[in-house]
Each structure stands twice: as structure tokens, then as C-alpha cells.
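S.K.: My structure file start03.pdb, PDB, C-alpha atoms, is below:
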ATOM      1  CA  MET A   1     -92.289   8.945 -17.792
ATOM      2  CA  ARG A   2     -93.714   6.391 -15.335
ATOM      3  CA  VAL A   3     -92.522   2.805 -15.746
ATOM      4  CA  LEU A   4     -93.787  -0.284 -13.977
ATOM      5  CA  GLY A   5     -90.964  -2.712 -13.187
ATOM      6  CA  ILE A   6     -91.525  -6.428 -12.557
ATOM      7  CA  GLU A   7     -88.802  -8.762 -11.254
ATOM      8  CA  THR A   8     -89.472 -12.525 -11.196
ATOM      9  CA  SER A   9     -86.168 -14.102 -12.160
ATOM     10  CA  CYS A  10     -85.761 -16.405  -9.172
ATOM     11  CA  ASP A  11     -87.218 -16.506  -5.655
ATOM     12  CA  GLU A  12     -88.329 -12.921  -5.071
ATOM     13  CA  THR A  13     -91.289 -11.130  -6.594
ATOM     14  CA  GLY A  14     -90.437  -7.440  -6.919
ATOM     15  CA  VAL A  15     -92.620  -4.650  -8.271
ATOM     16  CA  ALA A  16     -91.957  -0.907  -8.435
ATOM     17  CA  VAL A  17     -92.949   2.243 -10.298
ATOM     18  CA  TYR A  18     -90.160   4.575 -11.391
ATOM     19  CA  ASP A  19     -90.884   8.136 -12.477
ATOM     20  CA  THR A  20     -88.114   9.748 -14.524
ATOM     21  CA  GLU A  21     -88.947  13.091 -12.872
ATOM     22  CA  VAL A  22     -89.073  12.056  -9.207
ATOM     23  CA  GLY A  23     -87.511   8.581  -8.931
ATOM     24  CA  ILE A  24     -89.079   5.555  -7.239
ATOM     25  CA  VAL A  25     -92.627   6.417  -6.214
ATOM     26  CA  ALA A  26     -93.670   3.035  -4.773
ATOM     27  CA  GLU A  27     -92.292  -0.488  -4.477
ATOM     28  CA  ALA A  28     -93.054  -3.857  -2.917
ATOM     29  CA  LEU A  29     -91.135  -7.087  -2.515
ATOM     30  CA  TYR A  30     -92.176 -10.587  -1.580
ATOM     31  CA  SER A  31     -89.552 -13.185  -0.689
ATOM     32  CA  GLN A  32     -90.039 -16.923  -1.118
ATOM     33  CA  ILE A  33     -87.364 -17.861   1.424
ATOM     34  CA  ASP A  34     -89.778 -19.718   3.700
ATOM     35  CA  ILE A  35     -91.020 -21.840   0.780
ATOM     36  CA  HIS A  36     -87.572 -22.943  -0.385
ATOM     37  CA  ALA A  37     -85.821 -23.165   3.007
ATOM     38  CA  VAL A  38     -87.344 -26.602   3.571
ATOM     39  CA  TYR A  39     -85.453 -27.874   0.511
ATOM     40  CA  GLY A  40     -82.198 -26.024   1.149
ATOM     41  CA  GLY A  41     -82.387 -24.185  -2.187
ATOM     42  CA  VAL A  42     -84.704 -22.822  -4.839
ATOM     43  CA  VAL A  43     -87.190 -25.265  -6.364
ATOM     44  CA  PRO A  44     -87.945 -23.785  -9.826
ATOM     45  CA  GLU A  45     -91.509 -25.061 -10.155
ATOM     46  CA  LEU A  46     -92.468 -23.792  -6.705
ATOM     47  CA  ALA A  47     -90.882 -20.442  -7.516
ATOM     48  CA  SER A  48     -92.913 -20.097 -10.714
ATOM     49  CA  ARG A  49     -96.171 -20.976  -8.989
ATOM     50  CA  ASP A  50     -95.581 -18.462  -6.232
ATOM     51  CA  HIS A  51     -94.826 -15.707  -8.745
ATOM     52  CA  VAL A  52     -98.210 -16.479 -10.331
ATOM     53  CA  ARG A  53     -99.817 -16.051  -6.935
ATOM     54  CA  LYS A  54     -98.076 -12.819  -5.909
ATOM     55  CA  THR A  55     -97.290 -10.706  -8.996
ATOM     56  CA  LEU A  56    -100.705  -9.171  -9.686
ATOM     57  CA  PRO A  57    -101.495  -8.453  -6.001
ATOM     58  CA  LEU A  58     -98.119  -6.728  -5.647
ATOM     59  CA  ILE A  59     -98.770  -4.630  -8.768
ATOM     60  CA  ASN A  60    -102.112  -3.527  -7.333
ATOM     61  CA  GLU A  61    -100.458  -2.761  -3.997
ATOM     62  CA  VAL A  62     -97.753  -0.627  -5.612
ATOM     63  CA  LEU A  63    -100.199   1.323  -7.777
ATOM     64  CA  ASN A  64    -102.449   1.969  -4.781
ATOM     65  CA  THR A  65     -99.504   3.126  -2.677
ATOM     66  CA  ALA A  66     -98.412   5.482  -5.454
ATOM     67  CA  GLY A  67    -101.948   6.780  -5.947
ATOM     68  CA  LEU A  68    -101.844   5.757  -9.588
ATOM     69  CA  SER A  69    -104.133   3.857 -11.907
ATOM     70  CA  PRO A  70    -102.812   1.580 -14.669
ATOM     71  CA  LYS A  71    -103.667   4.309 -17.177
ATOM     72  CA  ASP A  72    -101.020   6.531 -15.551
ATOM     73  CA  LEU A  73     -98.252   4.202 -16.700
ATOM     74  CA  ASP A  74     -96.158   5.068 -19.752
ATOM     75  CA  GLY A  75     -94.317   1.763 -20.065
ATOM     76  CA  VAL A  76     -93.704  -1.642 -18.506
ATOM     77  CA  ALA A  77     -90.331  -3.300 -17.864
ATOM     78  CA  TYR A  78     -89.880  -6.904 -16.803
ATOM     79  CA  THR A  79     -86.898  -9.171 -16.257
ATOM     80  CA  ALA A  80     -86.244 -11.182 -19.432
ATOM     81  CA  GLY A  81     -83.127 -12.987 -18.177
ATOM     82  CA  PRO A  82     -80.899 -14.416 -16.904
ATOM     83  CA  GLY A  83     -82.964 -16.520 -14.531
ATOM     84  CA  LEU A  84     -85.274 -19.494 -14.156
ATOM     85  CA  ILE A  85     -87.279 -19.788 -17.365
ATOM     86  CA  GLY A  86     -90.587 -20.564 -15.653
ATOM     87  CA  ALA A  87     -90.193 -17.671 -13.234
ATOM     88  CA  LEU A  88     -89.201 -15.309 -16.049
ATOM     89  CA  MET A  89     -92.297 -16.303 -18.028
ATOM     90  CA  VAL A  90     -94.622 -15.199 -15.229
ATOM     91  CA  GLY A  91     -93.291 -11.649 -15.055
ATOM     92  CA  ALA A  92     -93.004 -11.361 -18.815
ATOM     93  CA  LEU A  93     -96.557 -12.554 -19.498
ATOM     94  CA  VAL A  94     -98.041 -10.286 -16.854
ATOM     95  CA  GLY A  95     -95.952  -7.306 -17.919
ATOM     96  CA  ARG A  96     -96.596  -7.658 -21.633
ATOM     97  CA  SER A  97    -100.307  -8.219 -21.055
ATOM     98  CA  ILE A  98    -100.568  -5.003 -19.059
ATOM     99  CA  ALA A  99     -98.591  -3.084 -21.674
ATOM    100  CA  GLU A 100    -100.724  -4.432 -24.501
ATOM    101  CA  ALA A 101    -103.946  -3.581 -22.683
ATOM    102  CA  LEU A 102    -102.757  -0.035 -22.016
ATOM    103  CA  GLY A 103    -101.194   0.496 -25.449
ATOM    104  CA  VAL A 104     -97.792   1.392 -23.947
ATOM    105  CA  PRO A 105     -94.353  -0.040 -24.805
ATOM    106  CA  ALA A 106     -92.918  -3.042 -22.982
ATOM    107  CA  LEU A 107     -89.270  -3.959 -22.569
ATOM    108  CA  GLY A 108     -87.454  -7.041 -21.312
ATOM    109  CA  VAL A 109     -84.625  -5.992 -18.992
ATOM    110  CA  HIS A 110     -81.355  -7.799 -18.357
ATOM    111  CA  HIS A 111     -81.335  -8.832 -14.699
ATOM    112  CA  MET A 112     -77.634  -8.058 -14.219
ATOM    113  CA  GLU A 113     -77.975  -4.649 -15.853
ATOM    114  CA  GLY A 114     -80.622  -3.966 -13.226
ATOM    115  CA  HIS A 115     -78.134  -4.822 -10.483
ATOM    116  CA  LEU A 116     -75.382  -2.831 -12.183
ATOM    117  CA  LEU A 117     -77.574   0.277 -12.271
ATOM    118  CA  ALA A 118     -79.058  -0.146  -8.779
ATOM    119  CA  PRO A 119     -76.541   2.310  -7.207
ATOM    120  CA  MET A 120     -77.996   4.993  -9.509
ATOM    121  CA  LEU A 121     -81.101   4.944  -7.295
ATOM    122  CA  SER A 122     -79.108   6.398  -4.378
ATOM    123  CA  GLU A 123     -78.808  10.118  -3.689
ATOM    124  CA  SER A 124     -75.056   9.847  -4.135
ATOM    125  CA  ALA A 125     -74.865   8.095  -7.491
ATOM    126  CA  PRO A 126     -71.616   7.281  -9.338
ATOM    127  CA  GLN A 127     -70.592   9.022 -12.514
ATOM    128  CA  LEU A 128     -69.720   7.136 -15.675
ATOM    129  CA  PRO A 129     -67.357   5.576 -16.610
ATOM    130  CA  PHE A 130     -66.644   3.024 -13.868
ATOM    131  CA  VAL A 131     -65.761  -0.586 -13.171
ATOM    132  CA  ALA A 132     -68.605  -2.715 -11.828
ATOM    133  CA  LEU A 133     -68.200  -5.744  -9.585
ATOM    134  CA  LEU A 134     -71.377  -7.809  -9.904
ATOM    135  CA  VAL A 135     -71.714 -10.443  -7.194
ATOM    136  CA  SER A 136     -75.211 -11.846  -7.448
ATOM    137  CA  GLY A 137     -76.241 -15.499  -7.135
ATOM    138  CA  GLY A 138     -74.409 -17.464  -9.815
ATOM    139  CA  HIS A 139     -72.538 -14.413 -11.118
ATOM    140  CA  THR A 140     -69.223 -12.885 -10.105
ATOM    141  CA  GLN A 141     -68.128 -10.493 -12.840
ATOM    142  CA  LEU A 142     -65.972  -7.432 -13.361
ATOM    143  CA  ILE A 143     -67.357  -5.134 -16.058
ATOM    144  CA  GLU A 144     -65.955  -1.959 -17.571
ATOM    145  CA  VAL A 145     -68.886   0.439 -17.993
ATOM    146  CA  GLN A 146     -68.336   3.344 -20.377
ATOM    147  CA  ALA A 147     -72.019   4.154 -20.932
ATOM    148  CA  LEU A 148     -75.433   2.569 -20.480
ATOM    149  CA  GLY A 149     -75.236  -0.672 -22.441
ATOM    150  CA  ASP A 150     -71.554  -0.195 -23.295
ATOM    151  CA  TYR A 151     -70.157  -3.052 -21.242
ATOM    152  CA  ARG A 152     -66.851  -4.874 -21.572
ATOM    153  CA  LEU A 153     -66.368  -8.077 -19.605
ATOM    154  CA  LEU A 154     -63.038  -7.955 -17.769
ATOM    155  CA  GLY A 155     -63.321 -11.159 -15.775
ATOM    156  CA  GLU A 156     -65.829 -13.636 -14.369
ATOM    157  CA  SER A 157     -66.127 -16.786 -12.299
ATOM    158  CA  VAL A 158     -64.935 -19.864 -14.156
ATOM    159  CA  ASP A 159     -66.726 -22.241 -11.759
ATOM    160  CA  ASP A 160     -68.517 -21.387  -8.502
ATOM    161  CA  ALA A 161     -69.422 -17.732  -8.070
ATOM    162  CA  ALA A 162     -68.878 -16.073  -4.693
ATOM    163  CA  GLY A 163     -72.550 -16.284  -3.752
ATOM    164  CA  GLU A 164     -72.726 -19.965  -4.689
ATOM    165  CA  ALA A 165     -69.645 -20.691  -2.586
ATOM    166  CA  PHE A 166     -71.198 -18.935   0.414
ATOM    167  CA  ASP A 167     -74.351 -21.041   0.058
ATOM    168  CA  LYS A 168     -72.405 -24.308  -0.278
ATOM    169  CA  VAL A 169     -70.247 -23.553   2.747
ATOM    170  CA  ALA A 170     -73.426 -22.797   4.677
ATOM    171  CA  LYS A 171     -74.706 -26.272   3.811
ATOM    172  CA  MET A 172     -71.442 -27.810   5.000
ATOM    173  CA  LEU A 173     -71.940 -26.051   8.331
ATOM    174  CA  TYR A 174     -75.625 -27.023   8.527
ATOM    175  CA  LEU A 175     -76.766 -23.405   8.388
ATOM    176  CA  ASP A 176     -80.187 -22.306   7.164
ATOM    177  CA  TYR A 177     -81.041 -21.189   3.622
ATOM    178  CA  PRO A 178     -80.149 -18.713   2.201
ATOM    179  CA  GLY A 179     -76.690 -19.474   3.436
ATOM    180  CA  GLY A 180     -74.639 -16.347   2.713
ATOM    181  CA  PRO A 181     -76.047 -14.112   5.468
ATOM    182  CA  HIS A 182     -75.767 -16.951   8.005
ATOM    183  CA  VAL A 183     -72.109 -17.594   7.170
ATOM    184  CA  ALA A 184     -71.437 -13.859   7.581
ATOM    185  CA  ARG A 185     -73.340 -13.819  10.880
ATOM    186  CA  ILE A 186     -71.349 -16.572  12.577
ATOM    187  CA  ALA A 187     -68.094 -15.288  11.041
ATOM    188  CA  GLU A 188     -68.479 -12.252  13.292
ATOM    189  CA  GLN A 189     -67.617 -14.532  16.233
ATOM    190  CA  GLY A 190     -64.752 -16.263  14.438
ATOM    191  CA  ASP A 191     -61.048 -16.050  15.264
ATOM    192  CA  PRO A 192     -59.342 -14.542  12.177
ATOM    193  CA  SER A 193     -55.932 -15.939  13.165
ATOM    194  CA  ARG A 194     -56.853 -19.614  13.535
ATOM    195  CA  PHE A 195     -57.056 -20.624   9.865
ATOM    196  CA  ASN A 196     -55.469 -19.166   6.749
ATOM    197  CA  PHE A 197     -57.473 -20.145   3.662
ATOM    198  CA  PRO A 198     -56.054 -19.622   0.131
ATOM    199  CA  ARG A 199     -56.952 -16.613  -1.998
ATOM    200  CA  PRO A 200     -57.775 -18.329  -5.296
ATOM    201  CA  MET A 201     -56.245 -17.144  -8.583
ATOM    202  CA  VAL A 202     -54.733 -13.957  -7.160
ATOM    203  CA  ALA A 203     -51.199 -15.049  -8.083
ATOM    204  CA  LYS A 204     -52.212 -15.502 -11.712
ATOM    205  CA  PRO A 205     -52.592 -12.600 -14.141
ATOM    206  CA  GLY A 206     -56.061 -11.690 -15.282
ATOM    207  CA  LEU A 207     -59.360 -10.911 -13.641
ATOM    208  CA  ASP A 208     -61.224 -14.217 -13.609
ATOM    209  CA  PHE A 209     -62.474 -15.756 -10.372
ATOM    210  CA  SER A 210     -62.627 -19.324  -9.075
ATOM    211  CA  PHE A 211     -64.196 -20.210  -5.748
ATOM    212  CA  SER A 212     -64.674 -23.963  -6.221
ATOM    213  CA  GLY A 213     -61.236 -24.760  -4.813
ATOM    214  CA  LEU A 214     -61.847 -22.525  -1.806
ATOM    215  CA  LYS A 215     -65.073 -24.402  -1.167
ATOM    216  CA  THR A 216     -63.162 -27.698  -1.293
ATOM    217  CA  TYR A 217     -60.480 -26.337   1.042
ATOM    218  CA  THR A 218     -63.208 -25.396   3.497
ATOM    219  CA  LEU A 219     -64.634 -28.918   3.372
ATOM    220  CA  THR A 220     -61.155 -30.435   3.876
ATOM    221  CA  THR A 221     -60.613 -28.221   6.925
ATOM    222  CA  LEU A 222     -63.963 -29.264   8.325
ATOM    223  CA  GLN A 223     -63.139 -32.938   7.826
ATOM    224  CA  SER A 224     -59.706 -32.531   9.422
ATOM    225  CA  LEU A 225     -61.505 -31.538  12.624
ATOM    226  CA  GLY A 226     -63.527 -34.745  12.635
ATOM    227  CA  GLY A 227     -66.479 -33.740  10.463
ATOM    228  CA  ILE A 228     -69.535 -31.629  11.106
ATOM    229  CA  ASP A 229     -70.778 -33.781  14.003
ATOM    230  CA  ASN A 230     -67.590 -33.141  15.950
ATOM    231  CA  LEU A 231     -67.368 -29.389  15.396
ATOM    232  CA  SER A 232     -67.930 -27.004  18.253
ATOM    233  CA  GLU A 233     -69.823 -23.796  17.638
ATOM    234  CA  GLN A 234     -66.513 -21.937  17.821
ATOM    235  CA  ASP A 235     -65.043 -24.253  15.181
ATOM    236  CA  LYS A 236     -67.889 -23.335  12.858
ATOM    237  CA  CYS A 237     -67.404 -19.630  13.513
ATOM    238  CA  ASP A 238     -63.649 -19.859  12.890
ATOM    239  CA  ILE A 239     -64.138 -21.737   9.615
ATOM    240  CA  ALA A 240     -66.771 -19.243   8.471
ATOM    241  CA  ARG A 241     -64.440 -16.340   9.289
ATOM    242  CA  ALA A 242     -61.525 -17.859   7.384
ATOM    243  CA  PHE A 243     -63.723 -18.540   4.376
ATOM    244  CA  GLU A 244     -65.265 -15.067   4.382
ATOM    245  CA  ASP A 245     -61.869 -13.375   4.758
ATOM    246  CA  ALA A 246     -60.541 -15.342   1.777
ATOM    247  CA  VAL A 247     -63.489 -14.309  -0.424
ATOM    248  CA  VAL A 248     -63.252 -10.668   0.647
ATOM    249  CA  ASP A 249     -59.498 -10.453   0.059
ATOM    250  CA  THR A 250     -59.834 -12.119  -3.349
ATOM    251  CA  LEU A 251     -62.541  -9.703  -4.485
ATOM    252  CA  ILE A 252     -60.549  -6.692  -3.271
ATOM    253  CA  ILE A 253     -57.362  -7.786  -5.038
ATOM    254  CA  LYS A 254     -59.220  -8.329  -8.312
ATOM    255  CA  CYS A 255     -61.054  -5.000  -8.034
ATOM    256  CA  ARG A 256     -57.830  -3.090  -7.526
ATOM    257  CA  ARG A 257     -56.306  -4.904 -10.484
ATOM    258  CA  ALA A 258     -59.320  -4.049 -12.676
ATOM    259  CA  LEU A 259     -59.055  -0.361 -11.812
ATOM    260  CA  GLU A 260     -55.344  -0.382 -12.563
ATOM    261  CA  GLN A 261     -55.869  -2.093 -15.917
ATOM    262  CA  THR A 262     -58.642   0.264 -17.036
ATOM    263  CA  GLY A 263     -57.190   3.447 -15.570
ATOM    264  CA  LEU A 264     -60.542   4.196 -13.930
ATOM    265  CA  HIS A 265     -61.010   5.467 -10.387
ATOM    266  CA  THR A 266     -64.586   4.480  -9.580
ATOM    267  CA  LEU A 267     -65.902   1.047  -8.651
ATOM    268  CA  VAL A 268     -69.554   0.087  -8.354
ATOM    269  CA  MET A 269     -70.333  -3.078  -6.401
ATOM    270  CA  ALA A 270     -73.815  -4.556  -6.721
ATOM    271  CA  GLY A 271     -75.713  -7.802  -6.191
ATOM    272  CA  GLY A 272     -76.590  -9.827  -3.116
ATOM    273  CA  VAL A 273     -73.017 -10.327  -1.868
ATOM    274  CA  SER A 274     -72.490  -6.538  -1.982
ATOM    275  CA  ALA A 275     -74.554  -6.390   1.232
ATOM    276  CA  ASN A 276     -71.803  -8.295   3.079
ATOM    277  CA  LYS A 277     -70.638  -6.009   5.899
ATOM    278  CA  ARG A 278     -67.057  -7.237   6.002
ATOM    279  CA  LEU A 279     -66.659  -6.749   2.260
ATOM    280  CA  ARG A 280     -68.073  -3.223   2.441
ATOM    281  CA  SER A 281     -65.914  -2.229   5.401
ATOM    282  CA  ALA A 282     -62.733  -3.533   3.752
ATOM    283  CA  LEU A 283     -63.267  -2.538   0.118
ATOM    284  CA  GLY A 284     -63.691   1.204   0.655
ATOM    285  CA  PRO A 285     -60.373   1.765   2.494
ATOM    286  CA  ALA A 286     -58.515  -0.592   0.155
ATOM    287  CA  LEU A 287     -59.611   1.380  -2.898
ATOM    288  CA  ALA A 288     -59.131   4.751  -1.206
ATOM    289  CA  ALA A 289     -55.484   3.772  -0.733
ATOM    290  CA  VAL A 290     -55.084   3.738  -4.525
ATOM    291  CA  GLY A 291     -57.129   6.911  -5.108
ATOM    292  CA  ALA A 292     -60.375   5.188  -6.042
ATOM    293  CA  GLN A 293     -63.905   5.409  -4.683
ATOM    294  CA  VAL A 294     -66.529   2.683  -4.300
ATOM    295  CA  TYR A 295     -70.310   2.974  -4.576
ATOM    296  CA  TYR A 296     -72.927   0.486  -3.401
ATOM    297  CA  PRO A 297     -76.689   0.196  -3.769
ATOM    298  CA  GLU A 298     -78.837   0.839  -0.738
ATOM    299  CA  PRO A 299     -79.089  -2.443   1.227
ATOM    300  CA  LYS A 300     -82.674  -3.027   0.068
ATOM    301  CA  TYR A 301     -81.514  -2.853  -3.558
ATOM    302  CA  CYS A 302     -78.659  -5.373  -3.178
ATOM    303  CA  THR A 303     -80.932  -8.388  -3.552
ATOM    304  CA  ASP A 304     -83.424  -8.836  -6.400
ATOM    305  CA  ASN A 305     -86.044  -6.080  -6.508
ATOM    306  CA  GLY A 306     -88.486  -4.359  -8.831
ATOM    307  CA  ALA A 307     -86.951  -0.911  -8.457
ATOM    308  CA  MET A 308     -83.774  -1.786 -10.345
ATOM    309  CA  ILE A 309     -85.820  -3.290 -13.189
ATOM    310  CA  ALA A 310     -88.096  -0.243 -13.338
ATOM    311  CA  TYR A 311     -85.076   2.088 -13.445
ATOM    312  CA  ALA A 312     -83.148   0.122 -16.069
ATOM    313  CA  GLY A 313     -86.307  -0.206 -18.147
ATOM    314  CA  ALA A 314     -87.079   3.494 -17.857
ATOM    315  CA  CYS A 315     -83.591   4.412 -19.086
ATOM    316  CA  ARG A 316     -83.996   2.278 -22.190
ATOM    317  CA  LEU A 317     -87.653   3.108 -22.851
ATOM    318  CA  ALA A 318     -86.842   6.822 -22.594
ATOM    319  CA  ALA A 319     -84.158   6.259 -25.236
ATOM    320  CA  GLY A 320     -86.779   4.819 -27.582
ATOM    321  CA  GLN A 321     -86.168   1.118 -27.096
ATOM    322  CA  SER A 322     -89.022  -1.370 -26.790
ATOM    323  CA  ASP A 323     -89.663  -5.017 -27.611
ATOM    324  CA  GLU A 324     -91.536  -6.493 -30.504
ATOM    325  CA  ALA A 325     -94.721  -8.456 -29.855
ATOM    326  CA  MET A 326     -92.847 -11.758 -29.647
ATOM    327  CA  MET A 327     -91.509 -12.474 -26.171
ATOM    328  CA  ASN A 328     -87.780 -13.223 -26.007
ATOM    329  CA  LEU A 329     -86.692 -14.708 -22.697
ATOM    330  CA  ARG A 330     -83.094 -15.763 -22.118
ATOM    331  CA  PRO A 331     -82.192 -17.917 -19.107
ATOM    332  CA  ARG A 332     -78.556 -17.300 -20.101
ATOM    333  CA  TRP A 333     -77.719 -13.873 -21.472
ATOM    334  CA  PRO A 334     -74.222 -12.340 -21.706
ATOM    335  CA  LEU A 335     -74.305  -8.758 -20.472
ATOM    336  CA  ASN A 336     -72.025  -7.518 -23.254
ATOM    337  CA  GLU A 337     -74.652  -8.443 -25.868
ATOM    338  CA  LEU A 338     -76.853  -5.519 -24.806
ATOM    339  CA  GLN A 339     -77.309  -2.522 -27.085
ATOM    340  CA  ALA A 340     -75.597   0.683 -25.978
ATOM    341  CA  ILE A 341     -77.714   3.833 -25.758
TER     342      ILE A 341
END
When written as C-alpha cells, how does the structure in this file appear?
M.R.:
Amino acid sequence: MRVLGIETSCDETGVAVYDTEVGIVAEALYSQIDIHAVYGGVVPELASRDHVRKTLPLINEVLNTAGLSPKDLDGVAYTAGPGLIGALMVGALVGRSIAEALGVPALGVHHMEGHLLAPMLSESAPQLPFVALLVSGGHTQLIEVQALGDYRLLGESVDDAAGEAFDKVAKMLYLDYPGGPHVARIAEQGDPSRFNFPRPMVAKPGLDFSFSGLKTYTLTTLQSLGGIDNLSEQDKCDIARAFEDAVVDTLIIKCRRALEQTGLHTLVMAGGVSANKRLRSALGPALAAVGAQVYYPEPKYCTDNGAMIAYAGACRLAAGQSDEAMMNLRPRWPLNELQAI
């Protein structure tokens, strides 16, 4: 079964074809970073317009690369949420139009399920069941995964997610958009012993996250040094390192706690923050110490992409699921509302 996947939930246009016999046969990704960098964040209307401009050319590019014609497709999957409603509409309208023209089923895919399943695209894929740490954009969640679609929310961010906190700290330090990778970059030169930032909510029971207070603590530290105009480059690096260490330690503590509570021994980490090098280098040994193993997506599948949507869609289409003619887009969509298959 060959499935075309279309991802347009935010500021990346991703397209891929997944074949259930051979895996990903072709993919393409276009990033809107240059468009939104001027504004320091995503402008929804500009994102929607750029998806209109790029989606069809990327579909043609992917089909040509794969040596396929539209008639070779057996289904179409598109991101139906969560995300920016205007951006979601572009991918959904294009995807459903193609499916209708070809007479094949179409399916709206949950964006976070795509991220959750992205590690399945690697040669060394995890086995179910497992705990998933999803750290993507406005989401930081721990999910118990017993089967495809059988998801139990263990904990989530009650205010700022980890990715949002990275971006806001980047703005405090006058770093470019998107901020997370730039904070991580300068943290490499930071002195880990200079500042000791709090690890939020680790002393409390439960698996929820809160990074708003850590963001405020970072700002207070910055101001105590005289404000951004009086910071040296080393000051910025030291603050970035302290902030990153606090986020990494917090995520590790919560992941270990989630594994202990569920009795599981496998953790999957996915989403944009899962590409963070310090988090990857620390999480594996920390979990190995308690007899657990961690799996990540390939770096190119950490951020939004069409391959994860094509794969998640193929799994559900192969199980007989498809959408009715009416389009149902959900800018907010709890993961545990999905149907298990």
C-alpha cells in the first residue's frame, strides 16, 4: 500500500510517500524559517499562504523522485491537527482533493501521533508497549503506549512546554528564530558550574511539567547581571547552559518516574526538542542505569515532516480506517481521543 503524506500544521511543508512493503520511497521538506525569522515567530497567515505556494510542487517533486504517478497511490494522509487552522486547511484540501480525484481513501492524521511513531521509521525500531516523551513545539507530554491508538496521558505541561521555554529564553538573549537550536549552540560554551537553576516540579509527585517558572528564573538571572545590554558573550553562554541543564535534568527525572510507575522498560522520545544533543547524551545513560532503553527518531524526523504523517496514515488506512467526505480539522486535539487499532 502506497500512501501520500502531507504535513502543513505550522511552518514546514512536508510531503512523503510511504510504501508498506519497502518503507519511505521519497520525501521532501520545505522550511519557512526565513519568512518568519523577521518577526521572531510564526505568523499564521504567512504560513498558510506559503503552504499554498509549496504543497503541490513538493507533491510533484516527491512523486517524480519515487518514479510514481498519482494513479500509483492507494491512499492519502494529511495532518488534521493540532496546529494552525489555516495551515491545516491547506494540506487537508489538497490531500482530500487528490484522494477524491483518484478514488482512494483519505485520512486526517493526528500530528502528535505522527511524532510518536516517527522512531518506527528507523531500522532499529522500538517494540510496544513503551512510554513516549513528546517534546514538540507547544507540547511536552508523557504517554503510555500499549498499542497504536491506545494512549494514556501520564503527564503534560501545565504552562510553557519545553520547546516554548527554549524559544522564549532565546528571545531574552537576542538569539535568532527558531530559538531552541541557538540556545543549545551557545550552551556548548557555557560554564556548567556558574549558575544552578531550579528543576521545576521534580519535588512534587506526579508527571506534569512546568517550565514557565524556569523561564522567569532565567530572566531574573539576566536582570541581576545588569540586563541584556550589559551581558558579555560568556554570560549569555553560561545562562544558556544553566537553563538547558535544568530542562534536561527535569525531563530525565520525569521519564524515569514514568517508567517506574508503568513498569515499562522502553522510552521513545520524539519531537523537535528530541534533537537536542545534551538531552540525547544524558537520557540514554540515565535510563540504562535503571534497566531501560531509549529510542529516538532519526534527526531529520525530529521536526515536522511528511514521512511521519505518511507512516501514521498508512498504519490506520491499512487497518481499514478512513474519513468521511466532511473535513474535520482540530487545532486542539487530545491524543487520547484517538481510536485504537
S.K.: Which residues of range 134-178 of chain A have any atom within 12 Å of an atom in range 253-276 of chain A when counting only C-alpha atoms, and what is the closest pair of atoms for each, with the distance in Å to one decimal? Order the rows by chain and rising number and write it as CSV.
M.R.:
residue,atom,partner,partner_atom,distance
A:Leu134,CA,A:Ala270,CA,5.2
A:Val135,CA,A:Gly271,CA,4.9
A:Ser136,CA,A:Gly271,CA,4.3
A:Gly137,CA,A:Gly272,CA,7.0
A:Gly138,CA,A:Gly272,CA,10.4
A:His139,CA,A:Gly271,CA,8.8
A:Thr140,CA,A:Gly271,CA,9.1
A:Gln141,CA,A:Met269,CA,10.1
A:Leu142,CA,A:Ala258,CA,7.5
A:Ile143,CA,A:Ala258,CA,8.8
A:Glu144,CA,A:Thr262,CA,7.7
A:Val145,CA,A:Val268,CA,9.7
A:Gln146,CA,A:Leu264,CA,10.2
A:Arg152,CA,A:Thr262,CA,10.7
A:Leu153,CA,A:Ala258,CA,10.7
A:Leu154,CA,A:Ala258,CA,7.4
A:Gly155,CA,A:Ala258,CA,8.7
A:Glu156,CA,A:Lys254,CA,10.4
A:Ser157,CA,A:Lys254,CA,11.6
A:Ala161,CA,A:Val273,CA,10.3
A:Ala162,CA,A:Val273,CA,7.6
A:Gly163,CA,A:Val273,CA,6.3
A:Glu164,CA,A:Val273,CA,10.0
A:Ala165,CA,A:Val273,CA,10.9
A:Phe166,CA,A:Val273,CA,9.1
A:Asp167,CA,A:Val273,CA,11.0
A:Pro178,CA,A:Gly272,CA,10.9
S.K.: Generate a file of the selected residues that holds C-alpha atoms, formatted as a tab-separated table (two decimals), in the frame of the given file.
M.R.:
chain	number	residue	atom	x	y	z
A	134	LEU	CA	-71.38	-7.81	-9.90
A	135	VAL	CA	-71.71	-10.44	-7.19
A	136	SER	CA	-75.21	-11.85	-7.45
A	137	GLY	CA	-76.24	-15.50	-7.14
A	138	GLY	CA	-74.41	-17.46	-9.82
A	139	HIS	CA	-72.54	-14.41	-11.12
A	140	THR	CA	-69.22	-12.88	-10.10
A	141	GLN	CA	-68.13	-10.49	-12.84
A	142	LEU	CA	-65.97	-7.43	-13.36
A	143	ILE	CA	-67.36	-5.13	-16.06
A	144	GLU	CA	-65.96	-1.96	-17.57
A	145	VAL	CA	-68.89	0.44	-17.99
A	146	GLN	CA	-68.34	3.34	-20.38
A	152	ARG	CA	-66.85	-4.87	-21.57
A	153	LEU	CA	-66.37	-8.08	-19.60
A	154	LEU	CA	-63.04	-7.96	-17.77
A	155	GLY	CA	-63.32	-11.16	-15.78
A	156	GLU	CA	-65.83	-13.64	-14.37
A	157	SER	CA	-66.13	-16.79	-12.30
A	161	ALA	CA	-69.42	-17.73	-8.07
A	162	ALA	CA	-68.88	-16.07	-4.69
A	163	GLY	CA	-72.55	-16.28	-3.75
A	164	GLU	CA	-72.73	-19.96	-4.69
A	165	ALA	CA	-69.64	-20.69	-2.59
A	166	PHE	CA	-71.20	-18.93	0.41
A	167	ASP	CA	-74.35	-21.04	0.06
A	178	PRO	CA	-80.15	-18.71	2.20
S.K.: Evaluating the PyMOL selection byres ((chain A and resi 330) around 9) on the displayed file yields which residues, as a list in words?
M.R.: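 With the shown file as input, the PyMOL selection byres ((chain A and resi 330) around 9) matches Ala80, Gly81, Pro82, Gly83, Ile85, Leu88, His110, Asn328, Leu329, Pro331, Arg332 and Trp333 of chain A.
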S.K.: Using the chain letters and numbers from the file, which residues does the PyMOL selection byres ((chain A and resi 93-103) around 12) grab, as JSON, numbers by chain?
M.R.: {"A": [3, 4, 5, 6, 7, 8, 15, 51, 52, 53, 54, 55, 56, 57, 58, 59, 60, 69, 70, 71, 72, 73, 74, 75, 76, 77, 78, 79, 80, 85, 86, 87, 88, 89, 90, 91, 92, 104, 105, 106, 107, 108, 109, 309, 310, 313, 322, 323, 324, 325, 326, 327, 328, 329]}
S.K.: So that I can see what lies close to Phe243 in chain A, please list as a PDB file with C-alpha atoms, in the coordinates of the input the residues with an atom at most 8 Å from it, counting only C-alpha atoms and leaving out residues fewer than 6 positions away in the same chain.
M.R.:
ATOM      1  CA  PHE A 197     -57.473 -20.145   3.662  1.00  0.00           C
ATOM      2  CA  LEU A 214     -61.847 -22.525  -1.806  1.00  0.00           C
ATOM      3  CA  THR A 218     -63.208 -25.396   3.497  1.00  0.00           C
TER       4      THR A 218
END
S.K.: Please write as a VMD selection string the full residue list that the PyMOL selection byres ((chain A and resi 23-28) around 10) yields on this file.
M.R.: chain A and resid 2 to 5 13 to 22 29 to 30 58 to 59 61 to 68 121 to 122 305 to 308 310 to 311
S.K.: Between A:Leu207, A:Ile186, A:Val131, A:Ala147, which has the minimum distance to Ile341 in chain A (counting all atoms listed in the file)?
M.R.: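 Checking each candidate against Ile341 in chain A, we get A:Ala147 as the closest.
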